[in-house]
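Next comes my_file38.tsv, with TSV, C-alpha atoms.
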```
chain	number	residue	atom	x	y	z
A	1	MET	CA	3.06	-65.84	-229.77
A	2	THR	CA	6.53	-65.47	-231.30
A	3	LYS	CA	9.51	-66.81	-229.41
A	4	LEU	CA	13.11	-65.85	-230.10
A	5	GLY	CA	15.70	-68.62	-230.23
A	6	PHE	CA	19.43	-68.95	-230.80
A	7	LYS	CA	21.24	-71.39	-233.04
A	8	PHE	CA	24.94	-72.11	-233.48
A	9	ARG	CA	25.93	-71.76	-237.13
A	10	ALA	CA	29.59	-72.41	-237.87
A	11	LYS	CA	31.13	-71.45	-241.18
A	12	LEU	CA	34.02	-73.43	-242.60
A	13	TRP	CA	36.72	-70.80	-243.15
A	14	PRO	CA	36.14	-68.78	-239.95
A	15	THR	CA	36.15	-72.04	-237.99
A	16	MET	CA	39.40	-73.22	-239.56
A	17	ALA	CA	41.06	-69.85	-239.01
A	18	THR	CA	39.91	-69.80	-235.38
A	19	VAL	CA	41.23	-73.31	-234.76
A	20	VAL	CA	44.63	-72.40	-236.24
A	21	VAL	CA	44.89	-69.22	-234.19
A	22	ILE	CA	43.88	-70.95	-230.94
A	23	ILE	CA	46.28	-73.86	-231.50
A	24	THR	CA	49.09	-71.40	-232.22
A	25	MET	CA	48.40	-69.36	-229.11
A	26	VAL	CA	48.12	-72.41	-226.88
A	27	SER	CA	51.38	-73.76	-228.33
A	28	LEU	CA	53.11	-70.46	-227.58
A	29	GLY	CA	51.73	-70.58	-224.05
A	30	ASN	CA	53.03	-74.12	-223.60
A	31	TRP	CA	56.44	-73.03	-224.92
A	32	GLN	CA	56.58	-70.18	-222.40
A	33	ILE	CA	55.76	-72.63	-219.60
A	34	SER	CA	58.61	-74.90	-220.68
A	35	ARG	CA	60.89	-71.84	-220.77
A	36	ALA	CA	59.80	-70.89	-217.24
A	37	GLN	CA	60.51	-74.39	-215.99
A	38	GLU	CA	63.95	-74.38	-217.64
A	39	LYS	CA	64.78	-71.03	-216.02
A	40	GLU	CA	63.68	-72.26	-212.61
A	41	GLU	CA	65.75	-75.44	-212.97
A	42	ARG	CA	68.79	-73.38	-214.03
A	43	HIS	CA	68.28	-71.03	-211.10
A	44	GLU	CA	68.17	-73.97	-208.69
A	45	GLN	CA	71.35	-75.31	-210.28
A	46	ILE	CA	73.05	-71.94	-209.73
A	47	GLY	CA	72.06	-72.12	-206.09
A	48	ARG	CA	73.52	-75.61	-205.75
A	49	LEU	CA	76.76	-74.59	-207.47
A	50	SER	CA	77.17	-71.56	-205.19
A	51	GLU	CA	76.98	-73.82	-202.12
A	52	GLN	CA	79.71	-76.20	-203.27
A	53	PRO	CA	83.32	-75.90	-202.05
A	54	ALA	CA	85.45	-73.35	-203.89
A	55	VAL	CA	87.55	-74.54	-206.81
A	56	SER	CA	90.88	-73.01	-207.76
A	57	ILE	CA	91.27	-71.11	-211.03
A	58	PRO	CA	93.97	-72.95	-213.00
A	59	THR	CA	96.79	-71.25	-214.88
A	60	ASN	CA	95.79	-72.80	-218.23
A	61	LEU	CA	92.96	-71.32	-220.29
A	62	ILE	CA	89.59	-72.57	-219.07
A	63	LEU	CA	86.09	-72.95	-220.48
A	64	ILE	CA	83.62	-70.63	-218.78
A	65	GLU	CA	80.99	-73.39	-218.75
A	66	ASP	CA	83.16	-75.36	-216.32
A	67	PHE	CA	83.31	-72.55	-213.75
A	68	LYS	CA	80.30	-70.28	-214.27
A	69	PHE	CA	78.36	-69.57	-211.04
A	70	LYS	CA	80.70	-71.74	-208.99
A	71	GLN	CA	82.54	-70.60	-205.88
A	72	VAL	CA	86.15	-70.11	-206.95
A	73	GLU	CA	89.44	-68.93	-205.52
A	74	ALA	CA	92.56	-67.52	-207.14
A	75	ARG	CA	95.99	-66.75	-205.70
A	76	GLY	CA	98.03	-63.95	-207.19
A	77	THR	CA	98.85	-60.24	-207.20
A	78	PHE	CA	96.64	-57.37	-208.32
A	79	ILE	CA	97.72	-55.24	-211.28
A	80	SER	CA	96.49	-51.90	-209.93
A	81	SER	CA	97.84	-49.99	-212.95
A	82	HIS	CA	94.99	-51.53	-214.99
A	83	THR	CA	92.21	-50.70	-212.55
A	84	ILE	CA	88.84	-50.21	-214.23
A	85	TYR	CA	86.16	-48.02	-212.67
A	86	LEU	CA	82.93	-49.52	-214.01
A	87	ASP	CA	80.55	-46.56	-214.11
A	88	ASN	CA	76.87	-46.08	-213.22
A	89	LYS	CA	76.66	-48.69	-210.48
A	90	MET	CA	74.10	-48.08	-207.76
A	91	TYR	CA	74.07	-49.17	-204.13
A	92	LYS	CA	71.17	-48.20	-201.85
A	93	GLY	CA	70.30	-45.30	-204.14
A	94	ALA	CA	73.84	-43.90	-204.30
A	95	ALA	CA	75.86	-43.74	-207.51
A	96	GLY	CA	79.33	-45.17	-207.71
A	97	TYR	CA	81.71	-47.53	-209.43
A	98	HIS	CA	82.52	-51.21	-209.45
A	99	ILE	CA	86.28	-51.65	-209.11
A	100	VAL	CA	87.55	-54.26	-211.55
A	101	MET	CA	91.21	-55.30	-211.44
A	102	PRO	CA	93.26	-57.99	-213.16
A	103	LEU	CA	94.82	-60.51	-210.80
A	104	LYS	CA	98.03	-62.12	-212.04
A	105	LEU	CA	97.85	-65.76	-211.08
A	106	ALA	CA	100.82	-66.95	-209.03
A	107	GLU	CA	103.68	-68.46	-211.03
A	108	SER	CA	101.86	-67.83	-214.30
A	109	SER	CA	101.41	-65.30	-217.08
A	110	MET	CA	97.65	-65.84	-216.93
A	111	HIS	CA	95.35	-63.26	-215.33
A	112	VAL	CA	91.75	-63.21	-214.14
A	113	LEU	CA	89.49	-60.19	-213.70
A	114	VAL	CA	88.19	-59.52	-210.19
A	115	ASN	CA	85.27	-57.26	-209.34
A	116	ARG	CA	86.48	-56.10	-205.95
A	117	GLY	CA	83.27	-54.29	-205.04
A	118	TRP	CA	81.42	-50.98	-205.06
A	119	VAL	CA	82.73	-47.57	-204.08
A	120	PRO	CA	80.75	-44.29	-204.09
A	121	SER	CA	81.64	-41.56	-206.54
A	122	GLY	CA	82.36	-38.11	-205.15
A	123	ARG	CA	80.65	-34.87	-206.08
A	124	ASP	CA	83.50	-34.08	-208.42
A	125	ARG	CA	83.47	-36.97	-210.85
A	126	SER	CA	86.74	-35.83	-212.38
A	127	ILE	CA	88.43	-37.09	-209.20
A	128	LEU	CA	88.26	-40.86	-208.88
A	129	PRO	CA	87.95	-42.40	-205.41
A	130	ILE	CA	91.14	-43.89	-203.99
A	131	VAL	CA	91.05	-47.67	-203.64
A	132	THR	CA	93.35	-49.50	-201.24
A	133	THR	CA	95.01	-52.40	-203.03
A	134	PRO	CA	97.27	-55.03	-201.43
A	135	THR	CA	100.67	-55.26	-203.10
A	136	ASP	CA	101.62	-58.73	-201.92
A	137	THR	CA	100.20	-62.10	-203.00
A	138	VAL	CA	96.59	-62.58	-201.95
A	139	LEU	CA	93.97	-65.31	-202.09
A	140	VAL	CA	90.75	-64.03	-203.64
A	141	ARG	CA	87.49	-65.90	-203.16
A	142	GLY	CA	84.16	-65.27	-204.83
A	143	ARG	CA	81.59	-66.34	-207.41
A	144	ALA	CA	82.56	-66.81	-211.05
A	145	VAL	CA	80.42	-65.16	-213.70
A	146	SER	CA	80.89	-64.71	-217.43
A	147	VAL	CA	82.29	-61.56	-219.01
A	148	PRO	CA	80.56	-60.31	-222.18
A	149	THR	CA	82.75	-60.90	-225.21
A	150	LYS	CA	81.04	-58.15	-227.17
A	151	VAL	CA	78.76	-55.30	-226.15
A	152	PHE	CA	76.98	-52.53	-228.02
A	153	ALA	CA	79.23	-49.53	-228.47
A	154	LEU	CA	78.91	-46.30	-230.39
A	155	SER	CA	82.38	-46.74	-231.88
A	156	ASP	CA	85.20	-49.24	-232.19
A	157	GLU	CA	87.70	-46.95	-230.49
A	158	ILE	CA	89.67	-48.24	-227.54
A	159	VAL	CA	88.40	-47.01	-224.19
A	160	ALA	CA	90.63	-44.25	-222.84
A	161	GLY	CA	91.13	-43.70	-219.13
A	162	GLN	CA	90.03	-45.77	-216.17
A	163	VAL	CA	86.27	-45.08	-216.25
A	164	TRP	CA	84.45	-47.59	-218.46
A	165	PRO	CA	80.70	-47.70	-219.24
A	166	ASN	CA	80.71	-51.50	-219.55
A	167	LEU	CA	83.00	-54.49	-219.35
A	168	GLN	CA	84.06	-56.45	-222.42
A	169	LEU	CA	86.66	-59.19	-222.30
A	170	GLU	CA	88.19	-58.60	-225.73
A	171	ARG	CA	88.47	-54.87	-225.09
A	172	VAL	CA	90.17	-55.40	-221.73
A	173	GLN	CA	92.66	-57.73	-223.37
A	174	GLN	CA	93.25	-55.22	-226.14
A	175	VAL	CA	93.82	-52.32	-223.76
A	176	THR	CA	95.94	-54.16	-221.20
A	177	GLY	CA	97.71	-56.71	-223.38
A	178	LEU	CA	97.11	-59.34	-220.68
A	179	ASN	CA	96.17	-62.99	-221.06
A	180	LEU	CA	92.80	-63.27	-219.33
A	181	GLN	CA	90.63	-66.13	-218.23
A	182	PRO	CA	87.09	-65.81	-219.71
A	183	LEU	CA	85.42	-65.09	-216.37
A	184	LEU	CA	84.97	-62.44	-213.71
A	185	ILE	CA	85.27	-63.16	-210.00
A	186	LEU	CA	82.75	-61.34	-207.82
A	187	GLN	CA	84.94	-61.07	-204.75
A	188	GLN	CA	83.33	-62.06	-201.46
A	189	ASP	CA	86.27	-61.71	-199.06
A	190	ASN	CA	85.73	-59.65	-195.92
A	191	TRP	CA	88.61	-57.24	-196.39
A	192	SER	CA	88.90	-53.86	-194.68
A	193	ASP	CA	89.37	-51.88	-197.88
A	194	GLY	CA	86.20	-49.76	-197.85
A	195	LEU	CA	84.61	-51.60	-200.78
A	196	VAL	CA	81.05	-52.92	-200.61
A	197	ARG	CA	80.71	-56.53	-201.72
A	198	GLN	CA	77.03	-57.39	-201.55
A	199	TRP	CA	76.23	-59.23	-204.74
A	200	ASP	CA	72.63	-59.92	-205.62
A	201	ARG	CA	71.83	-63.46	-206.60
A	202	PRO	CA	70.66	-63.40	-210.24
A	203	ASP	CA	66.91	-63.70	-210.69
A	204	SER	CA	65.64	-66.76	-212.54
A	205	GLY	CA	63.57	-64.66	-214.94
A	206	ALA	CA	60.83	-67.30	-214.84
A	207	ALA	CA	58.17	-64.80	-213.76
A	208	SER	CA	58.16	-63.11	-217.17
A	209	SER	CA	57.73	-66.46	-218.94
A	210	TRP	CA	54.83	-67.41	-216.66
A	211	SER	CA	53.27	-64.01	-217.42
A	212	TYR	CA	53.66	-64.45	-221.19
A	213	ALA	CA	52.13	-67.92	-220.96
A	214	ALA	CA	49.09	-66.50	-219.16
A	215	GLN	CA	48.74	-63.83	-221.82
A	216	TRP	CA	48.80	-66.36	-224.66
A	217	TYR	CA	46.22	-68.55	-222.93
A	218	GLY	CA	44.09	-65.50	-222.22
A	219	MET	CA	44.18	-64.39	-225.86
A	220	ALA	CA	43.25	-67.91	-226.97
A	221	LEU	CA	40.23	-67.79	-224.66
A	222	ILE	CA	39.21	-64.37	-226.00
A	223	VAL	CA	39.43	-65.61	-229.59
A	224	MET	CA	37.25	-68.60	-228.67
A	225	ILE	CA	34.64	-66.37	-227.02
A	226	ILE	CA	34.56	-64.00	-230.01
A	227	TYR	CA	34.15	-66.95	-232.38
A	228	LEU	CA	31.27	-68.38	-230.35
A	229	VAL	CA	29.53	-65.02	-230.10
A	230	LEU	CA	29.78	-64.40	-233.83
A	231	SER	CA	28.66	-67.96	-234.65
A	232	VAL	CA	25.48	-67.87	-232.59
A	233	LYS	CA	22.60	-66.43	-234.59
A	234	ARG	CA	19.23	-65.36	-233.30
A	235	GLU	CA	16.25	-67.03	-234.94
A	236	ARG	CA	12.61	-66.07	-235.04
A	237	PRO	CA	10.46	-69.20	-235.18
A	238	GLU	CA	7.23	-69.18	-237.15
A	239	GLU	CA	4.14	-68.12	-235.18
A	240	LYS	CA	1.70	-70.87	-234.39
```
What's the structure tokens form of this structure?
Amino acid sequence: MTKLGFKFRAKLWPTMATVVVIITMVSLGNWQISRAQEKEERHEQIGRLSEQPAVSIPTNLILIEDFKFKQVEARGTFISSHTIYLDNKMYKGAAGYHIVMPLKLAESSMHVLVNRGWVPSGRDRSILPIVTTPTDTVLVRGRAVSVPTKVFALSDEIVAGQVWPNLQLERVQQVTGLNLQPLLILQQDNWSDGLVRQWDRPDSGAASSWSYAAQWYGMALIVMIIYLVLSVKRERPEEK
């Protein structure tokens, strides 16, 4: 009677190639895990910073790293003539604008940009919604975030009008001629001005890194299974 058997037969070059591929994939998976842990730690740090007492924005030029994600406050007057309607902002499914204004810091020539909140756009987009702006000195409180220094644009032309597709620090400075701090205050004051100020806390982004890590580990396992399947050969022993 003839019995069929199986024997593992590994060849040098396929084995070496498989080992290299598996090590690479596992290393990439480990790197994604470290990235996920870094993102989670940074997200926790943002949460801790947002719970600390507010710090005042100074009149001298600051470093964004010293204020980013912190609760801040700034005293000054709004420059309503340089109001920016940041377009394509959604709130509960409705389209509208974020109202960004420079705030001239008290007793200083320095300014800081303030995102005062969301306002719906009307049916006729050629007519911008009216925004109530205090004319006297105010104290603005909110969370500090960075302003992009450069963004993708189809041309280098200066933005015309008050409706902007995106916010760029250098372009704001170029259009307004103002000295600006390198941050944006997401205002959180409870003013009766009709603006919605419900800012979402930024997501850590760790979920995507955990997902990529799982994919790399999964591909490493698949490569191992394919290697084992191809290395196992069926044998037919001699009949006795």
Show which residues sit within 10 Å of region 140-149 of chain A, as a ChimeraX atom specification. Count only C-alpha atoms, and ignore same-chain residues fewer than 6 positions away.
/A:49-50,54-57,64-65,67-77,103,113-116,166-172,181-190,197,199
Separation of CA of Ala95 (chain A) and CA of Ser126 (chain A), in Å?
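Separating CA of Ala95 (chain A) from CA of Ser126 (chain A) is a distance of 14.3 Å.
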Fewer than 5 positions away in the same chain doesn't count, so skip those; otherwise give me all residues within 10 Å of region 27-41 of chain A, counting all atoms listed in the file, as a PyMOL selection string.
chain A and resi 21-22+46-47+203-220
When distances are computed from all atoms listed in the file, which of A:Trp191, A:Phe8, A:Tyr85, A:Tyr227 shows the smallest separation from Leu139 (chain A)?
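Comparing A:Trp191, A:Phe8, A:Tyr85, A:Tyr227 against Leu139 (chain A), the winner is A:Trp191.
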What's around Arg9 (chain A) at 10 Å? Count all atoms listed in the file, leave out sequence neighbours fewer than 2 positions away in its own chain, and write the answer as a ChimeraX atom specification.
/A:6-7,11-12,228,230-233
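In terms of minimum interatomic distance to Ser109 (chain A), A:Asn179 ranks closest within A:Asn179, A:Pro129, A:Ala94, A:Gln162, counting only C-alpha atoms.
Here CA of Leu180 (chain A) and CA of Asp87 (chain A) stand 21.4 Å from one another.
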As an exercise, work out the distance from CA of Ile62 (chain A) to CA of Ser108 (chain A) in Å and give it to one decimal place.
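Pair CA of Ile62 (chain A) / CA of Ser108 (chain A) returns 14.0 Å.
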Counting all atoms listed in the file, the option among A:Gly161, A:Gly117, A:Ile23, A:Gly194 closest to Thr132 (chain A)
A:Gly194
For each of A:Pro102, A:Gly93, A:Trp13, A:Pro120, take the minimum atom-to-atom distance to Gln173 (chain A), counting only C-alpha atoms, then give the residue where this is smallest.
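Using only C-alpha atoms, Gln173 (chain A) sits closest to A:Pro102.
Restricting the calculation to only C-alpha atoms, the smallest distance between Leu61 (chain A) and any of A:Ile79, A:His111, A:Arg42, A:Thr133 is found for A:His111.
Shortest atom-to-atom contact with Gln198 (chain A) among A:Phe78, A:Tyr97, A:Tyr91, A:Trp164: A:Tyr91, counting all atoms listed in the file.
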Give me the box for region 129-139 of chain A as AutoDock Vina command-line options, namely the centre and edge lengths in Å to one decimal of a box along x, y and z that holds every listed atom plus 4 Å on each side.
```
--center_x 94.8 --center_y -53.9 --center_z -203.3 --size_x 21.7 --size_y 30.9 --size_z 12.2
```
